[in-house]
Structure formats: structure tokens, C-alpha cells
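So this block is data-v9.csv, CSV, C-alpha atoms:
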chain,number,residue,atom,x,y,z
A,140,MET,CA,24.3,34.9,4.6
A,141,LEU,CA,20.6,35.6,5.4
A,142,THR,CA,18.5,33.0,3.6
A,143,GLN,CA,14.9,31.9,3.6
A,144,VAL,CA,14.2,28.2,3.3
A,145,GLU,CA,11.0,26.2,3.3
A,146,GLY,CA,11.0,23.2,5.5
A,147,ILE,CA,9.6,21.1,8.4
A,148,VAL,CA,11.4,20.5,11.7
A,149,LEU,CA,12.5,16.9,11.8
A,150,SER,CA,13.9,16.9,15.4
A,151,GLU,CA,14.9,19.1,18.3
A,152,THR,CA,17.8,18.7,20.7
A,153,PRO,CA,18.4,20.8,23.8
A,154,TYR,CA,21.4,23.1,23.6
A,155,SER,CA,22.4,25.0,26.8
A,156,GLU,CA,19.7,26.0,29.2
A,157,SER,CA,17.7,28.2,26.8
A,158,SER,CA,18.3,27.1,23.3
A,159,LYS,CA,17.8,24.1,20.9
A,160,ILE,CA,19.4,22.7,17.8
A,161,LEU,CA,16.8,21.9,15.2
A,162,ASN,CA,17.2,19.5,12.3
A,163,ILE,CA,15.1,20.9,9.5
A,164,ILE,CA,14.3,19.0,6.3
A,165,THR,CA,14.3,21.7,3.6
A,166,LYS,CA,13.4,21.8,0.0
A,167,GLU,CA,16.5,23.9,-0.9
A,168,TYR,CA,19.3,22.1,1.1
A,169,GLY,CA,18.0,18.8,2.3
A,170,VAL,CA,18.5,18.3,6.1
A,171,ILE,CA,20.3,21.2,7.9
A,172,GLY,CA,21.1,21.9,11.5
A,173,VAL,CA,19.9,25.2,12.9
A,174,LEU,CA,20.5,26.8,16.3
A,175,SER,CA,17.4,28.4,17.8
A,176,LYS,CA,18.8,30.7,20.4
A,177,GLY,CA,16.8,31.4,23.5
A,178,CYS,CA,13.8,29.5,22.2
A,179,LYS,CA,13.1,27.8,25.5
A,180,SER,CA,12.2,31.2,27.1
A,181,LEU,CA,8.5,31.8,27.6
A,182,LYS,CA,8.9,35.2,25.9
A,183,SER,CA,10.9,34.0,22.9
A,184,PRO,CA,9.2,34.6,19.5
A,185,LEU,CA,10.9,31.3,18.4
A,186,ARG,CA,9.4,29.2,21.2
A,187,SER,CA,6.4,27.7,19.4
A,188,ALA,CA,8.1,27.3,16.1
A,189,SER,CA,11.1,25.4,17.5
A,190,THR,CA,9.3,22.2,17.8
A,191,LYS,CA,9.0,19.0,15.8
A,192,LEU,CA,6.6,19.1,12.8
A,193,THR,CA,6.7,22.9,12.4
A,194,PHE,CA,6.1,23.7,8.7
A,195,GLY,CA,7.1,27.1,7.6
A,196,GLN,CA,9.5,29.5,5.9
A,197,PHE,CA,12.6,29.6,8.1
A,198,ASN,CA,14.7,32.8,8.0
A,199,ILE,CA,18.2,31.8,8.9
A,200,LYS,CA,21.8,32.8,8.8
A,201,TYR,CA,22.9,29.9,6.6
A,202,LYS,CA,26.3,28.3,6.9
A,203,GLU,CA,27.0,25.5,4.4
A,204,GLY,CA,28.1,22.4,6.2
A,205,LYS,CA,27.9,24.1,9.6
A,206,LEU,CA,25.3,25.0,12.1
A,207,SER,CA,23.1,27.8,10.9
A,208,THR,CA,21.2,30.3,13.1
A,209,LEU,CA,17.5,30.8,13.2
A,210,ILE,CA,16.3,34.4,12.9
A,211,SER,CA,12.5,34.0,12.5
A,212,VAL,CA,9.8,31.6,11.2
A,213,ASP,CA,6.7,32.3,9.1
A,214,ILE,CA,4.3,29.4,9.6
A,215,ILE,CA,2.9,28.1,6.3
A,216,ASN,CA,0.5,25.5,7.8
A,217,ASN,CA,0.2,24.7,11.5
A,218,LEU,CA,-0.8,21.1,10.8
A,219,LYS,CA,-3.4,21.5,13.5
A,220,ASN,CA,-5.4,18.3,12.6
A,221,ILE,CA,-2.3,16.1,12.9
A,222,LYS,CA,-1.2,17.6,16.2
A,223,ASN,CA,-4.7,17.4,17.7
A,224,ASP,CA,-5.4,13.7,16.7
A,225,LEU,CA,-6.0,12.0,20.1
A,226,SER,CA,-5.4,8.6,18.6
A,227,LEU,CA,-1.8,9.6,17.8
A,228,LYS,CA,-1.9,7.8,14.5
A,229,SER,CA,-1.6,11.0,12.4
A,230,ILE,CA,1.3,12.4,14.3
A,231,SER,CA,3.1,9.0,14.5
A,232,TYR,CA,2.8,8.4,10.8
A,233,SER,CA,3.9,12.0,10.1
A,234,TYR,CA,7.0,11.6,12.2
A,235,PHE,CA,7.8,8.3,10.4
A,236,ILE,CA,7.3,10.1,7.0
A,237,LEU,CA,9.8,12.8,8.0
A,238,GLU,CA,12.4,10.2,9.1
A,239,LEU,CA,11.9,8.1,6.0
A,240,ALA,CA,12.3,11.2,3.8
A,241,GLU,CA,15.6,12.0,5.6
A,242,GLN,CA,16.9,8.5,5.0
A,243,VAL,CA,15.9,8.6,1.3
A,244,MET,CA,17.6,12.0,0.9
A,245,LYS,CA,20.9,10.5,2.1
A,246,HIS,CA,20.8,8.1,-0.8
A,247,ASN,CA,19.6,10.4,-3.5
A,248,TYR,CA,18.8,14.1,-2.8
A,249,SER,CA,16.1,15.5,-5.0
A,250,HIS,CA,13.5,18.3,-4.6
A,251,GLU,CA,10.9,15.7,-5.6
A,252,ILE,CA,11.7,13.7,-2.4
A,253,TYR,CA,10.8,16.8,-0.3
A,254,ASP,CA,7.7,17.5,-2.4
A,255,LEU,CA,6.4,14.0,-2.0
A,256,MET,CA,7.0,14.0,1.7
A,257,LEU,CA,5.2,17.4,2.1
A,258,ASN,CA,2.2,16.3,0.0
A,259,ALA,CA,1.9,13.2,2.1
A,260,ILE,CA,1.9,15.1,5.4
A,261,LEU,CA,-0.6,17.6,4.1
A,262,LYS,CA,-3.0,14.8,3.0
A,263,ILE,CA,-2.8,13.3,6.4
A,264,ASN,CA,-3.6,16.7,7.9
A,265,GLU,CA,-6.7,16.8,5.6
A,266,GLY,CA,-7.8,13.6,7.2
A,267,PHE,CA,-6.9,10.9,4.7
A,268,ASP,CA,-5.9,7.4,6.0
A,269,PRO,CA,-2.3,7.8,7.2
A,270,LEU,CA,-1.4,4.2,6.5
A,271,VAL,CA,-2.5,4.4,2.8
A,272,ILE,CA,-0.8,7.8,2.3
A,273,THR,CA,2.4,6.4,3.9
A,274,ASN,CA,2.3,3.3,1.7
A,275,ILE,CA,1.9,5.5,-1.4
A,276,LEU,CA,5.0,7.4,-0.3
A,277,GLU,CA,7.0,4.3,0.5
A,278,LEU,CA,6.2,2.9,-3.0
A,279,LYS,CA,7.3,6.1,-4.8
A,280,TYR,CA,10.5,6.4,-2.7
A,281,LEU,CA,11.7,3.0,-3.9
A,282,GLU,CA,12.4,4.6,-7.2
A,283,TYR,CA,14.8,7.0,-5.5
A,284,LEU,CA,16.4,4.2,-3.6
A,285,GLY,CA,17.1,2.4,-6.9
A,286,VAL,CA,15.2,-0.8,-5.9
A,287,MET,CA,11.8,-0.3,-7.5
A,288,PRO,CA,9.8,-3.5,-7.8
A,289,ILE,CA,8.5,-4.6,-11.2
A,290,LEU,CA,4.8,-3.8,-11.3
A,291,ASP,CA,4.0,-3.9,-15.0
A,292,CYS,CA,4.8,-7.5,-15.8
A,293,CYS,CA,6.0,-10.8,-14.3
A,294,CYS,CA,9.4,-10.0,-12.7
A,295,VAL,CA,10.7,-13.5,-13.7
A,296,CYS,CA,9.6,-13.9,-17.4
A,297,GLY,CA,8.1,-10.6,-18.4
A,298,ASP,CA,4.6,-11.9,-19.1
A,299,LYS,CA,1.8,-9.3,-18.7
A,300,THR,CA,-1.3,-11.3,-19.3
A,301,SER,CA,-1.6,-13.7,-16.3
A,302,ILE,CA,-0.3,-12.0,-13.2
A,303,ALA,CA,-1.1,-14.1,-10.2
A,304,THR,CA,0.3,-12.4,-7.1
A,305,LEU,CA,3.0,-10.2,-5.6
A,306,SER,CA,6.3,-11.4,-4.3
A,307,SER,CA,8.6,-9.3,-2.1
A,308,SER,CA,11.4,-11.8,-2.3
A,309,ARG,CA,11.4,-12.1,-6.1
A,310,GLY,CA,10.9,-8.4,-6.7
A,311,GLY,CA,7.3,-7.7,-7.9
A,312,PHE,CA,4.5,-9.3,-9.9
A,313,ILE,CA,4.6,-13.0,-10.5
A,314,CYS,CA,2.6,-14.7,-13.2
A,315,ASN,CA,0.7,-18.1,-13.0
A,316,LYS,CA,3.5,-19.8,-14.9
A,317,CYS,CA,6.3,-18.7,-12.6
A,318,LYS,CA,4.4,-18.9,-9.4
A,319,GLN,CA,5.9,-21.3,-6.8
A,320,ASN,CA,4.9,-21.2,-3.2
A,321,GLU,CA,4.2,-17.4,-3.0
A,322,LYS,CA,1.2,-16.3,-0.9
A,323,MET,CA,-1.7,-15.3,-3.1
A,324,VAL,CA,-3.1,-11.8,-2.9
A,325,ASP,CA,-6.4,-10.4,-4.0
A,326,LYS,CA,-6.6,-9.5,-7.7
A,327,LYS,CA,-7.7,-6.0,-6.6
A,328,THR,CA,-4.4,-5.6,-4.7
A,329,ILE,CA,-2.5,-6.2,-7.9
A,330,LYS,CA,-4.4,-3.5,-9.7
A,331,LEU,CA,-4.4,-1.1,-6.7
A,332,ILE,CA,-0.6,-1.2,-6.0
A,333,ARG,CA,0.0,0.0,-9.6
A,334,MET,CA,-2.6,2.7,-9.2
A,335,LEU,CA,-1.0,3.9,-6.0
A,336,TYR,CA,2.4,4.2,-7.6
A,337,TYR,CA,1.1,6.4,-10.4
A,338,VAL,CA,-1.3,8.6,-8.3
A,339,ASP,CA,-0.4,12.2,-7.7
A,340,ILE,CA,-0.6,12.5,-3.9
A,341,SER,CA,-1.5,16.2,-4.0
A,342,LYS,CA,-4.6,15.4,-6.1
A,343,ILE,CA,-6.0,12.6,-4.0
A,344,THR,CA,-9.7,13.3,-3.2
A,345,ASN,CA,-10.9,9.8,-2.1
A,346,LEU,CA,-9.3,6.8,-0.5
A,347,ASP,CA,-11.9,4.1,0.0
A,348,ILE,CA,-9.8,0.9,0.4
A,349,SER,CA,-10.8,-2.2,2.3
A,350,LEU,CA,-8.7,-3.4,5.3
A,351,LYS,CA,-7.8,-6.6,3.3
A,352,LEU,CA,-6.3,-4.7,0.4
A,353,LYS,CA,-4.5,-2.2,2.7
A,354,THR,CA,-3.0,-5.0,4.7
A,355,GLU,CA,-1.8,-6.9,1.7
A,356,ILE,CA,-0.1,-3.8,0.2
A,357,ASN,CA,1.4,-2.8,3.6
A,358,VAL,CA,2.8,-6.3,4.2
A,359,PHE,CA,4.4,-6.4,0.8
A,360,LEU,CA,6.0,-3.0,1.3
A,361,ASP,CA,7.3,-3.9,4.8
A,362,GLU,CA,8.9,-7.1,3.5
A,363,TYR,CA,10.3,-5.4,0.4
A,364,TYR,CA,11.9,-2.6,2.4
A,365,GLU,CA,13.4,-5.1,4.8
A,366,LYS,CA,14.8,-7.2,2.0
A,367,TYR,CA,16.1,-4.4,-0.3
A,368,THR,CA,16.7,-1.3,1.9
A,369,GLY,CA,16.8,-2.3,5.6
A,370,LEU,CA,15.9,1.3,6.6
A,371,TYR,CA,13.3,1.3,9.3
A,372,LEU,CA,11.5,-1.9,10.2
A,373,LYS,CA,11.2,-1.4,14.0
A,374,SER,CA,9.4,2.0,13.8
A,375,LYS,CA,7.0,0.7,11.1
A,376,LYS,CA,6.0,-2.2,13.3
A,377,PHE,CA,4.9,0.3,15.9
A,378,LEU,CA,2.8,2.1,13.3
A,379,ASN,CA,1.2,-1.2,12.2
A,380,GLU,CA,0.1,-1.8,15.8
A,381,LEU,CA,-1.5,1.7,15.9
A,382,SER,CA,-3.4,0.9,12.7
A,383,GLU,CA,-4.3,-2.6,14.0
A,384,ILE,CA,-2.7,-4.3,11.0
Could you express the structure from this file as C-alpha cells?
Amino acid sequence: MLTQVEGIVLSETPYSESSKILNIITKEYGVIGVLSKGCKSLKSPLRSASTKLTFGQFNIKYKEGKLSTLISVDIINNLKNIKNDLSLKSISYSYFILELAEQVMKHNYSHEIYDLMLNAILKINEGFDPLVITNILELKYLEYLGVMPILDCCCVCGDKTSIATLSSSRGGFICNKCKQNEKMVDKKTIKLIRMLYYVDISKITNLDISLKLKTEINVFLDEYYEKYTGLYLKSKKFLNELSEI
């Protein structure tokens, strides 16, 4: 069955001397395997599109539950700014976002998971801070993983008037009354993390956030993911080193 799917190449694996198997994260079917025949050839029209982080409309012979075959690709956005970033931060965070989206889809497939992933990558391509964009995505994905922290009241008693800090181990906001030995965070961090959860990634036009606030939010999310999801801590540590956090 000839089908057109929107997606981004998640990974590429050599297959025979001239071909590759592409894993493509798609809006329509989640992650699918696609055979790109002869794409290693210098003359192949599939050569440039059969690489990781290619974003386009993929025209394929679709086989549900089996390996599909790639016919052609219409590039939607070449993500040039990400691929040309000499610091490697943009491309490293984009790879991480793809892998995170794949893992989240395994738990709870939804078109929204794809849309959030795509909007995050496009914002990184526009030049926005990849760490902050990634943190926003991580925060939103916790909803789909079923382990969203409590960010509208104290996660212990429900009080909304005297929030003191964030606690990854206890599951969200902690008020002054329930605070024990948790590390204190900046008051601005408490407000900011709620704002980041509700923001529409596609509509972001400014991200002027201090290193201190970025660090506190990133540390909270790393600890929270490790405690409640266990998905990806090693790769995130590498990203933190790139961002000097």
C-alpha cells in the first residue's frame, strides 16, 4: 500500500552494501522501520534523505508490523541551523528529544507526543536555548508517562498559599509547613516551572532565563525522571556537560 507519512529519521542502520534500514518517528504510525534501497549509492535520490534527523514527507510502501519500503522523500525543513551548529549542542539535544519521544510513545502513543517533539526541534532550529526547550518537553511528557508532579499546590497537604520549594522525591511543590530537609530553590523557579508546563512550545518568542533558574529546573527534572521513569539518565548527563550545568 503506497502511503505518505510525516516524520523524522530517528536512526539509520546499514543493510547490505548499498542500503539502510531507517527508523522513522511518524505522526501517523509512531515509530516504523523503513528499508531505503540503494541509498548508499552516490547517485541515489534517497542518499541525502536517508540520514538521522531528516524531516519530511516519506512516500513509502507501508506494511503494518513489518519493514516498509521507502520510495521518495519530500523535505519539509532541512533543519540546517541544528546540523550546522559547531558546538554540537543543538544536534545533541535534538537527538535526545527524538529518543525521548520514542520512549514516551512506547508507554502511551498519541499524535500530541509527536507534535510536541516536532515543535521542540523546530524551536531549537530557530535558535532557542536547547536545554530550556528540552526541559519544557520533558515536563509535558510526564503527563503522558502518568507521573506528572504536583505543581499547583503542596504535594503533601494541598496548601496553595505558602509554597517553599520543589521536591523530586516527594513529587512536586512543598509548602513551608511540610518542608523537611529539602534543598531550597529560588521563588522564581517555582513560578517558572508552572509557566513552562503550560506554555505552547510552538508560540515561544522569548526565553530569557538565568543560569540559576535553568539549573534548578533541570536538576529537578533529572532527579524526577530517574526516580519515577528511569528512562535515560546517562544520555542526559552528557547533555548537561555540553551545557555546562
Open item on the list: Rounded to one decimal, what separation in Å do you get between atom CA of Leu281 of chain A and atom CA of Glu362 of chain A?
Closed with: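 Between atom CA of Leu281 of chain A and atom CA of Glu362 of chain A the gap works out to 12.8 Å.
For Gly172 of chain A, the list of residues within 8 Å, based on all atoms listed in the file and with local chain neighbours fewer than 2 positions off taken out, reads Ile160, Leu161, Asn162, Ile163, Val170, Leu174, Lys205, Leu206 and Ser207 of chain A.
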Task: Shortest interatomic distance to Lys202 of chain A - which of A:Ile214, A:Ile171, A:Lys262, A:Glu238, counting all atoms listed in the file - done: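 Using all atoms listed in the file, Lys202 of chain A sits closest to A:Ile171.
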- [ ] Fewer than 3 positions away in the same chain doesn't count, so skip those; otherwise give me all residues within 10 Å of Lys353 of chain A, counting all atoms listed in the file, as JSON, numbers by chain.
- [x] {"A": [270, 271, 274, 328, 331, 332, 348, 349, 350, 356, 357, 358, 384]}
Open item on the list: To one decimal place in Å, what is the distance between atom CA of Thr142 of chain A and atom CA of Val173 of chain A?
Closed with: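 Answer for the atom CA of Thr142 of chain A to atom CA of Val173 of chain A separation: 12.2 Å.
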Task: atom CA of Gly195 of chain A to atom CA of Asp268 of chain A, straight-line distance in Å - done: 23.7 Å
TODO: Give the answer as one residue: which of A:Ser211, A:Ser158, A:Asn220, A:Asn315 has the shortest atom-to-atom distance to Lys176 of chain A, using only C-alpha atoms?
DONE: A:Ser158
- [ ] Find the residues near Lys279 of chain A: any atom within 9 Å, counting all atoms listed in the file, skip ones fewer than 3 places away on the same chain, and give them as a ChimeraX atom specification.
- [x] /A:255,274-276,282-283,287,335-337
Open item on the list: Restricting the calculation to all atoms listed in the file: of A:Met256, A:Cys317, A:Leu346, A:Leu352, which residue gets closest to Gln242 of chain A?
Closed with: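 Of A:Met256, A:Cys317, A:Leu346, A:Leu352, the one nearest Gln242 of chain A, counting all atoms listed in the file, is A:Met256.
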Task: Top pick for closest residue to Ile272 of chain A, considering A:Val243, A:Ile215, A:Leu381, A:Ala259 and counting only C-alpha atoms - done: A:Ala259
- [ ] Measuring atom to atom with only C-alpha atoms, identify which of A:Val144, A:Ile230, A:Val286, A:Leu257 is nearest to Tyr201 of chain A.
- [x] A:Val144
